[in-house]
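Asks: Below you'll find input_30.csv; it's CSV, C-alpha atoms.
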```csv
chain,number,residue,atom,x,y,z
A,10,MET,CA,191.1,12.3,-50.3
A,11,GLU,CA,192.1,9.0,-48.7
A,12,ASN,CA,189.4,6.7,-47.2
A,13,GLN,CA,186.5,8.9,-48.0
A,14,LYS,CA,183.3,7.8,-46.3
A,15,SER,CA,179.9,7.5,-48.0
A,16,GLY,CA,177.5,10.3,-47.4
A,17,LYS,CA,178.4,12.5,-50.3
A,18,LEU,CA,176.9,16.0,-50.1
A,19,SER,CA,176.0,18.2,-53.1
A,20,LEU,CA,174.7,21.7,-52.7
A,21,ILE,CA,173.0,23.7,-55.4
A,22,VAL,CA,174.0,27.2,-54.4
A,23,PHE,CA,171.2,29.2,-56.2
A,24,SER,CA,170.7,32.0,-53.8
A,25,GLY,CA,173.3,34.8,-53.7
A,26,ASP,CA,172.1,35.9,-50.3
A,27,PHE,CA,174.8,36.5,-47.6
A,28,ASP,CA,173.1,34.5,-44.9
A,29,LYS,CA,172.3,31.6,-47.3
A,30,ALA,CA,175.9,31.6,-48.6
A,31,ILE,CA,177.1,31.2,-45.0
A,32,ALA,CA,174.7,28.3,-44.5
A,33,ALA,CA,175.9,26.6,-47.7
A,34,PHE,CA,179.6,27.0,-46.8
A,35,THR,CA,179.0,25.9,-43.2
A,36,LEU,CA,177.4,22.7,-44.3
A,37,ALA,CA,180.0,22.2,-47.0
A,38,THR,CA,183.1,22.7,-44.8
A,39,GLY,CA,181.5,20.8,-42.0
A,40,ALA,CA,180.8,17.8,-44.2
A,41,ALA,CA,184.2,17.9,-45.8
A,42,ALA,CA,185.8,18.1,-42.3
A,43,MET,CA,183.9,14.8,-41.6
A,44,ASN,CA,185.6,13.4,-44.6
A,45,ARG,CA,182.6,13.4,-46.9
A,46,GLU,CA,182.9,14.2,-50.6
A,47,VAL,CA,181.3,17.6,-51.2
A,48,ASN,CA,180.2,19.3,-54.4
A,49,LEU,CA,179.2,23.0,-54.6
A,50,PHE,CA,177.2,23.8,-57.8
A,51,PHE,CA,176.9,27.5,-58.2
A,52,THR,CA,174.0,28.8,-60.4
A,53,PHE,CA,172.2,32.1,-61.0
A,54,TRP,CA,172.7,34.4,-58.0
A,55,GLY,CA,175.1,31.9,-56.4
A,56,LEU,CA,177.6,32.8,-59.2
A,57,ASN,CA,178.1,36.2,-57.4
A,58,ILE,CA,179.8,34.4,-54.6
A,59,ILE,CA,182.5,32.9,-56.8
A,60,ARG,CA,183.3,35.8,-59.1
A,61,LYS,CA,186.9,36.9,-59.2
A,62,ASP,CA,185.9,40.5,-58.8
A,63,ARG,CA,184.8,40.8,-55.3
A,64,GLY,CA,183.1,44.2,-55.7
A,65,ARG,CA,181.0,45.8,-58.4
A,66,LYS,CA,182.2,45.6,-61.9
A,67,PHE,CA,180.7,46.0,-65.4
A,68,LEU,CA,181.2,42.4,-66.5
A,69,GLY,CA,179.9,41.2,-69.9
A,70,ASN,CA,179.8,42.3,-73.5
A,71,ASP,CA,176.5,44.1,-74.0
A,72,ILE,CA,174.9,46.9,-72.0
A,73,LEU,CA,172.3,44.7,-70.4
A,74,ALA,CA,174.8,42.1,-69.1
A,75,LYS,CA,177.1,44.9,-67.9
A,76,THR,CA,174.4,46.7,-66.0
A,77,PHE,CA,173.1,43.5,-64.5
A,78,ASN,CA,176.5,42.3,-63.3
A,79,PHE,CA,177.3,45.7,-61.9
A,80,LEU,CA,174.1,45.9,-59.9
A,81,MET,CA,174.6,42.4,-58.5
A,82,GLY,CA,178.2,43.0,-57.3
A,83,GLY,CA,180.6,40.3,-56.2
A,84,VAL,CA,181.1,38.5,-52.9
A,85,LYS,CA,181.5,41.8,-51.0
A,86,ASN,CA,178.0,42.9,-51.9
A,87,LEU,CA,175.8,39.9,-51.1
A,88,PRO,CA,172.5,41.1,-49.6
A,89,LEU,CA,170.9,39.6,-46.5
A,90,SER,CA,167.8,37.5,-47.5
A,91,ARG,CA,165.7,39.6,-45.0
A,92,LEU,CA,166.2,43.0,-43.3
A,93,ASN,CA,169.0,44.0,-45.7
A,94,PHE,CA,168.7,47.7,-44.8
A,95,LEU,CA,170.3,48.7,-48.1
A,96,GLY,CA,173.3,46.5,-47.5
A,97,LEU,CA,174.1,47.6,-44.0
A,98,SER,CA,173.0,44.3,-42.4
A,99,PRO,CA,175.6,42.0,-44.0
A,100,LYS,CA,178.4,44.4,-42.8
A,101,LEU,CA,176.8,44.5,-39.3
A,102,MET,CA,176.5,40.7,-39.3
A,103,THR,CA,180.2,40.3,-40.3
A,104,PHE,CA,181.2,42.6,-37.5
A,105,MET,CA,179.1,40.6,-35.0
A,106,MET,CA,180.5,37.3,-36.2
A,107,LYS,CA,184.1,38.5,-35.9
A,108,LYS,CA,183.4,39.7,-32.4
A,109,LYS,CA,182.0,36.3,-31.3
A,110,ASN,CA,184.8,34.5,-33.1
A,111,VAL,CA,182.4,32.7,-35.5
A,112,ALA,CA,183.9,32.1,-39.0
A,113,THR,CA,183.0,34.9,-41.4
A,114,LEU,CA,181.9,34.1,-45.0
A,115,GLU,CA,185.5,34.9,-46.3
A,116,GLU,CA,187.0,32.4,-43.8
A,117,LEU,CA,184.4,29.7,-44.7
A,118,ILE,CA,185.2,30.2,-48.4
A,119,GLU,CA,189.0,29.9,-47.6
A,120,ALA,CA,188.3,26.8,-45.6
A,121,ALA,CA,186.3,25.2,-48.4
A,122,LYS,CA,189.3,25.8,-50.8
A,123,ALA,CA,191.7,24.3,-48.2
A,124,LEU,CA,189.4,21.2,-47.8
A,125,ASN,CA,189.4,20.6,-51.6
A,126,ILE,CA,185.7,20.9,-52.0
A,127,LYS,CA,184.7,20.7,-55.6
A,128,PHE,CA,183.5,24.1,-57.0
A,129,ILE,CA,181.5,23.8,-60.2
A,130,ALA,CA,179.5,26.4,-62.1
A,131,CYS,CA,176.3,26.3,-64.1
A,132,GLU,CA,176.8,26.7,-67.8
A,133,MET,CA,173.3,28.0,-68.5
A,134,ALA,CA,173.4,30.7,-65.9
A,135,MET,CA,176.9,31.8,-67.0
A,136,HIS,CA,175.7,32.1,-70.5
A,137,ILE,CA,172.7,34.2,-69.6
A,138,MET,CA,174.8,36.6,-67.5
A,139,ASP,CA,177.6,36.7,-70.1
A,140,ILE,CA,180.2,35.5,-67.5
A,141,LYS,CA,183.2,33.4,-68.6
A,142,LYS,CA,185.2,30.8,-66.6
A,143,GLU,CA,188.1,33.3,-66.4
A,144,ASP,CA,185.7,35.7,-64.5
A,145,LEU,CA,185.3,33.1,-61.7
A,146,ILE,CA,187.8,32.2,-59.0
A,147,ASP,CA,190.5,29.6,-59.9
A,148,GLU,CA,189.1,27.0,-57.6
A,149,VAL,CA,186.1,26.5,-60.0
A,150,SER,CA,187.2,23.3,-61.7
A,151,GLU,CA,184.5,23.0,-64.4
A,152,VAL,CA,181.5,24.6,-66.0
A,153,VAL,CA,178.9,21.9,-66.4
A,154,GLY,CA,175.2,21.3,-67.3
A,155,VAL,CA,172.5,19.3,-65.5
A,156,PRO,CA,173.5,15.8,-66.6
A,157,THR,CA,177.1,16.2,-65.4
A,158,PHE,CA,176.0,17.7,-62.1
A,159,LEU,CA,173.5,14.8,-61.6
A,160,GLU,CA,176.3,12.4,-62.2
A,161,TYR,CA,178.5,14.1,-59.6
A,162,ALA,CA,175.6,14.2,-57.1
A,163,LYS,CA,174.5,10.6,-57.7
A,164,ASP,CA,173.9,8.4,-54.6
A,165,GLY,CA,174.5,11.3,-52.3
A,166,MET,CA,172.4,13.9,-50.6
A,167,THR,CA,171.5,17.0,-52.7
A,168,LEU,CA,170.3,20.2,-51.1
A,169,PHE,CA,169.0,23.4,-52.8
A,170,ILE,CA,170.1,26.6,-51.1
B,23,MET,CA,207.1,10.6,-34.8
B,24,ALA,CA,206.2,14.2,-34.0
B,25,ASN,CA,204.0,15.9,-31.4
B,26,TYR,CA,201.6,18.7,-32.4
B,27,PHE,CA,199.4,21.1,-30.5
B,28,LEU,CA,196.2,22.9,-31.5
B,29,ASP,CA,194.2,25.4,-29.5
B,30,ILE,CA,190.6,25.8,-30.7
B,31,THR,CA,189.1,27.1,-27.4
B,32,LYS,CA,188.0,30.3,-29.2
B,33,ASP,CA,186.4,28.6,-32.2
B,34,HIS,CA,182.9,27.5,-33.0
B,35,CYS,CA,181.2,25.1,-35.4
B,36,PRO,CA,182.3,24.3,-38.1
B,37,MET,CA,185.7,25.9,-37.6
B,38,THR,CA,186.5,23.7,-34.6
B,39,PHE,CA,186.6,20.4,-36.5
B,40,VAL,CA,187.6,22.1,-39.8
B,41,LYS,CA,190.8,23.3,-38.1
B,42,ALA,CA,191.3,19.9,-36.4
B,43,LYS,CA,191.0,18.1,-39.7
B,44,LEU,CA,193.3,20.5,-41.6
B,45,LYS,CA,195.9,20.0,-38.8
B,46,VAL,CA,195.7,16.3,-38.9
B,47,GLU,CA,196.1,16.4,-42.7
B,48,SER,CA,199.4,18.1,-42.3
B,49,MET,CA,200.7,15.3,-40.0
B,50,GLN,CA,202.3,12.0,-40.7
B,51,SER,CA,201.0,8.6,-39.8
B,52,GLY,CA,201.9,7.9,-36.1
B,53,ASP,CA,202.1,11.6,-35.1
B,54,ILE,CA,200.4,12.7,-32.0
B,55,LEU,CA,198.1,15.8,-31.7
B,56,GLU,CA,197.0,17.5,-28.5
B,57,ILE,CA,193.9,19.6,-28.9
B,58,CYS,CA,192.7,22.2,-26.4
B,59,LEU,CA,188.9,22.7,-26.7
B,60,LYS,CA,185.8,23.8,-24.9
B,61,ASP,CA,182.9,21.9,-23.5
B,62,GLY,CA,179.6,21.7,-25.4
B,63,GLU,CA,179.7,21.5,-29.2
B,64,PRO,CA,183.5,21.2,-29.6
B,65,ILE,CA,183.9,18.2,-27.3
B,66,GLN,CA,180.9,16.5,-28.9
B,67,ASN,CA,181.9,17.1,-32.5
B,68,VAL,CA,185.7,17.2,-32.7
B,69,PRO,CA,186.4,13.6,-31.5
B,70,ARG,CA,183.7,12.3,-33.9
B,71,SER,CA,185.2,14.2,-36.8
B,72,LEU,CA,188.7,13.0,-36.1
B,73,GLU,CA,187.7,9.4,-36.0
B,74,GLU,CA,186.2,9.9,-39.5
B,75,ASN,CA,189.6,11.2,-40.5
B,76,ASN,CA,191.6,8.2,-39.6
B,77,CYS,CA,192.7,9.0,-36.0
B,78,THR,CA,192.6,7.1,-32.8
B,79,ILE,CA,191.6,8.9,-29.6
B,80,ILE,CA,194.2,8.3,-26.9
B,81,SER,CA,192.8,10.3,-24.0
B,82,THR,CA,190.4,13.0,-23.0
B,83,GLU,CA,191.3,15.0,-19.9
B,84,LYS,CA,189.0,17.6,-18.4
B,85,GLU,CA,190.6,20.7,-16.9
B,86,GLU,CA,188.6,23.5,-15.2
B,87,ASP,CA,186.7,24.9,-18.2
B,88,TYR,CA,188.3,23.1,-21.1
B,89,TYR,CA,189.3,19.6,-22.4
B,90,ILE,CA,192.6,18.3,-23.6
B,91,LEU,CA,192.1,15.7,-26.3
B,92,THR,CA,195.0,13.6,-27.4
B,93,VAL,CA,194.8,11.8,-30.7
B,94,LYS,CA,197.1,9.7,-32.9
B,95,LYS,CA,197.0,9.8,-36.7
B,96,ASN,CA,196.7,6.2,-37.9
```
What would you get if you wrote out this structure as structure tokens?

Replies:
Amino acid sequence: MENQKSGKLSLIVFSGDFDKAIAAFTLATGAAAMNREVNLFFTFWGLNIIRKDRGRKFLGNDILAKTFNFLMGGVKNLPLSRLNFLGLSPKLMTFMMKKKNVATLEELIEAAKALNIKFIACEMAMHIMDIKKEDLIDEVSEVVGVPTFLEYAKDGMTLFI
Amino acid sequence: MANYFLDITKDHCPMTFVKAKLKVESMQSGDILEICLKDGEPIQNVPRSLEENNCTIISTEKEEDYYILTVKKN
């Protein structure tokens, strides 16, 4: 991006909660729209947001990984961090947001891709859950470990969501 | 030199200035963009965001319940 300002923002997206994902992507797209460099580092539950399979799927090689990944679901099954009501609340929230013309999570993720925000995934979490890079959306540029992430985040602001 | 128009009167943060930035990115240097936006958060944030994105504010006109912001891409 030409003439990028200082004020780099890096977000560690650990939580796979619907509301926290919206907060992460709002901050990320807002910062990118202000011409800041933005890194999104997805780890543990956050990996659910960037799985290619947007619903529930038996991903992985052994029975434990398969069950785990099925139970977690993809971006269409993110729970609310509170008052989830067995998955009803995220659907209600999306309906309310559309009605009030506020960007939904899907729209925020599309905006993040359009703004060339860097999507990176955590190697350790992927190893535990038996997820490969091909299982993640194409916008994920790299699978990295802590030292590389710290290098990307250096001299900027890092937040844990 | 081309003229563009963007209506973000129905949008809210962050999509107001996200859409403005994406529009400006598709323009050439010297092009003019007219943006229709509401009072409150949009008029506070959009000009600030566009100045970060290499634009010059040419004018801000207030109509009944919205603003027309004219900017030029540097």

Asks: Quick one: pull the distance between atom CA of A:Lys122 and atom CA of A:Thr38, Å, one decimal.

Replies: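 So the two atoms, atom CA of A:Lys122 and atom CA of A:Thr38, lie 9.2 Å apart.
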
Asks: Given all atoms listed in the file, how would the per-residue table for chain B near chain A read, listing every residue at most 6 Å away with its closest atom pair and distance in Å to one decimal, sorted by chain and number, as JSON lines?

Replies:
```
{"residue": "B:His34", "atom": "CA", "partner": "A:Val111", "partner_atom": "CA", "distance": 5.8}
{"residue": "B:Pro36", "atom": "CA", "partner": "A:Gly39", "partner_atom": "CA", "distance": 5.3}
{"residue": "B:Val40", "atom": "CA", "partner": "A:Ala42", "partner_atom": "CA", "distance": 5.0}
{"residue": "B:Lys43", "atom": "CA", "partner": "A:Ala42", "partner_atom": "CA", "distance": 5.8}
{"residue": "B:Ser71", "atom": "CA", "partner": "A:Met43", "partner_atom": "CA", "distance": 5.0}
{"residue": "B:Glu74", "atom": "CA", "partner": "A:Met43", "partner_atom": "CA", "distance": 5.8}
```

Asks: Which residues are near B:Ser48? Cut-off 12 Å, only C-alpha atoms, ignore same chain within fewer than 4 positions. Put them as a PyMOL selection string.

Replies: (chain A and resi 123-124) or (chain B and resi 24+26+41-44+53-55+95)

Asks: When distances are computed from only C-alpha atoms, which of A:Gly69, A:Gly64, A:Gly82, A:Pro88 shows the smallest separation from A:Asp26?

Replies: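 Looking at the shortest contact to A:Asp26, the residue is A:Pro88.
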
Asks: For atom CA of A:Phe158 and atom CA of A:Ser19, determine how far apart the two atoms are, in Å to one decimal place.

Replies: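 Going from atom CA of A:Phe158 over to atom CA of A:Ser19, I get 9.0 Å.
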
Asks: Excluding same-chain residues fewer than 4 positions from A:Leu49, what lies within 8 Å of it counting all atoms listed in the file, as a PyMOL selection string?

Replies: chain A and resi 19-22+37+126-129

Asks: Would you write out those residues with C-alpha atoms, as a compact mmCIF listing (two decimals), in the frame of the given file?

Replies:
```txt
# COMPACT_ATOMS: atom_id res chain seq x y z
CA SER A 19 176.00 18.20 -53.10
CA LEU A 20 174.70 21.70 -52.70
CA ILE A 21 173.00 23.70 -55.40
CA VAL A 22 174.00 27.20 -54.40
CA ALA A 37 180.00 22.20 -47.00
CA ILE A 126 185.70 20.90 -52.00
CA LYS A 127 184.70 20.70 -55.60
CA PHE A 128 183.50 24.10 -57.00
CA ILE A 129 181.50 23.80 -60.20
```

Asks: Neighbours of B:Asp87 within 8 Å (all atoms listed in the file; same-chain residues fewer than 2 positions away dropped), as a PyMOL selection string?

Replies: chain B and resi 60-61+84-85+89

Asks: Mind checking which residues fall within 9 Å of B:Asn67, counting all atoms listed in the file, ignoring those fewer than 4 positions away in the same chain, and posting them as an mmCIF file with C-alpha atoms, in the frame of the given file?

Replies:
```
data_model
loop_
_atom_site.group_PDB
_atom_site.id
_atom_site.type_symbol
_atom_site.label_atom_id
_atom_site.label_comp_id
_atom_site.auth_asym_id
_atom_site.auth_seq_id
_atom_site.Cartn_x
_atom_site.Cartn_y
_atom_site.Cartn_z
ATOM 1 C CA CYS B 35 181.200 25.100 -35.400
ATOM 2 C CA THR B 38 186.500 23.700 -34.600
ATOM 3 C CA PHE B 39 186.600 20.400 -36.500
ATOM 4 C CA GLY B 62 179.600 21.700 -25.400
ATOM 5 C CA GLU B 63 179.700 21.500 -29.200
ATOM 6 C CA SER B 71 185.200 14.200 -36.800
ATOM 7 C CA LEU B 72 188.700 13.000 -36.100
#
```

Asks: Using only C-alpha atoms, can you tell me which of A:Pro99, A:Lys107, A:Leu87, A:Asp144 comes closest to A:Asp62?

Replies: A:Asp144

Asks: Could you jot down the atom CA of A:Asp139 to atom CA of A:Val153 separation for me, Å, one decimal place?

Replies: 15.3 Å

Asks: With all atoms listed in the file as the atoms that count, which of A:Asn48, A:Asn93, A:Thr157, A:Asn86 lies nearest to A:Lys66?

Replies: A:Asn86

Asks: Do a neighbour search on A:Lys17 at 7 Å with all atoms listed in the file, toss out local chain neighbours closer than 2 positions, and write the hits as a ChimeraX atom specification.

Replies: /A:15,19,45-47,165-166

Asks: Tell me which of A:Asp71, A:Thr167, A:Ala162, A:Phe27 sits closest to A:Leu97, counting all atoms listed in the file.

Replies: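 Selected residue with least distance to A:Leu97: A:Phe27.
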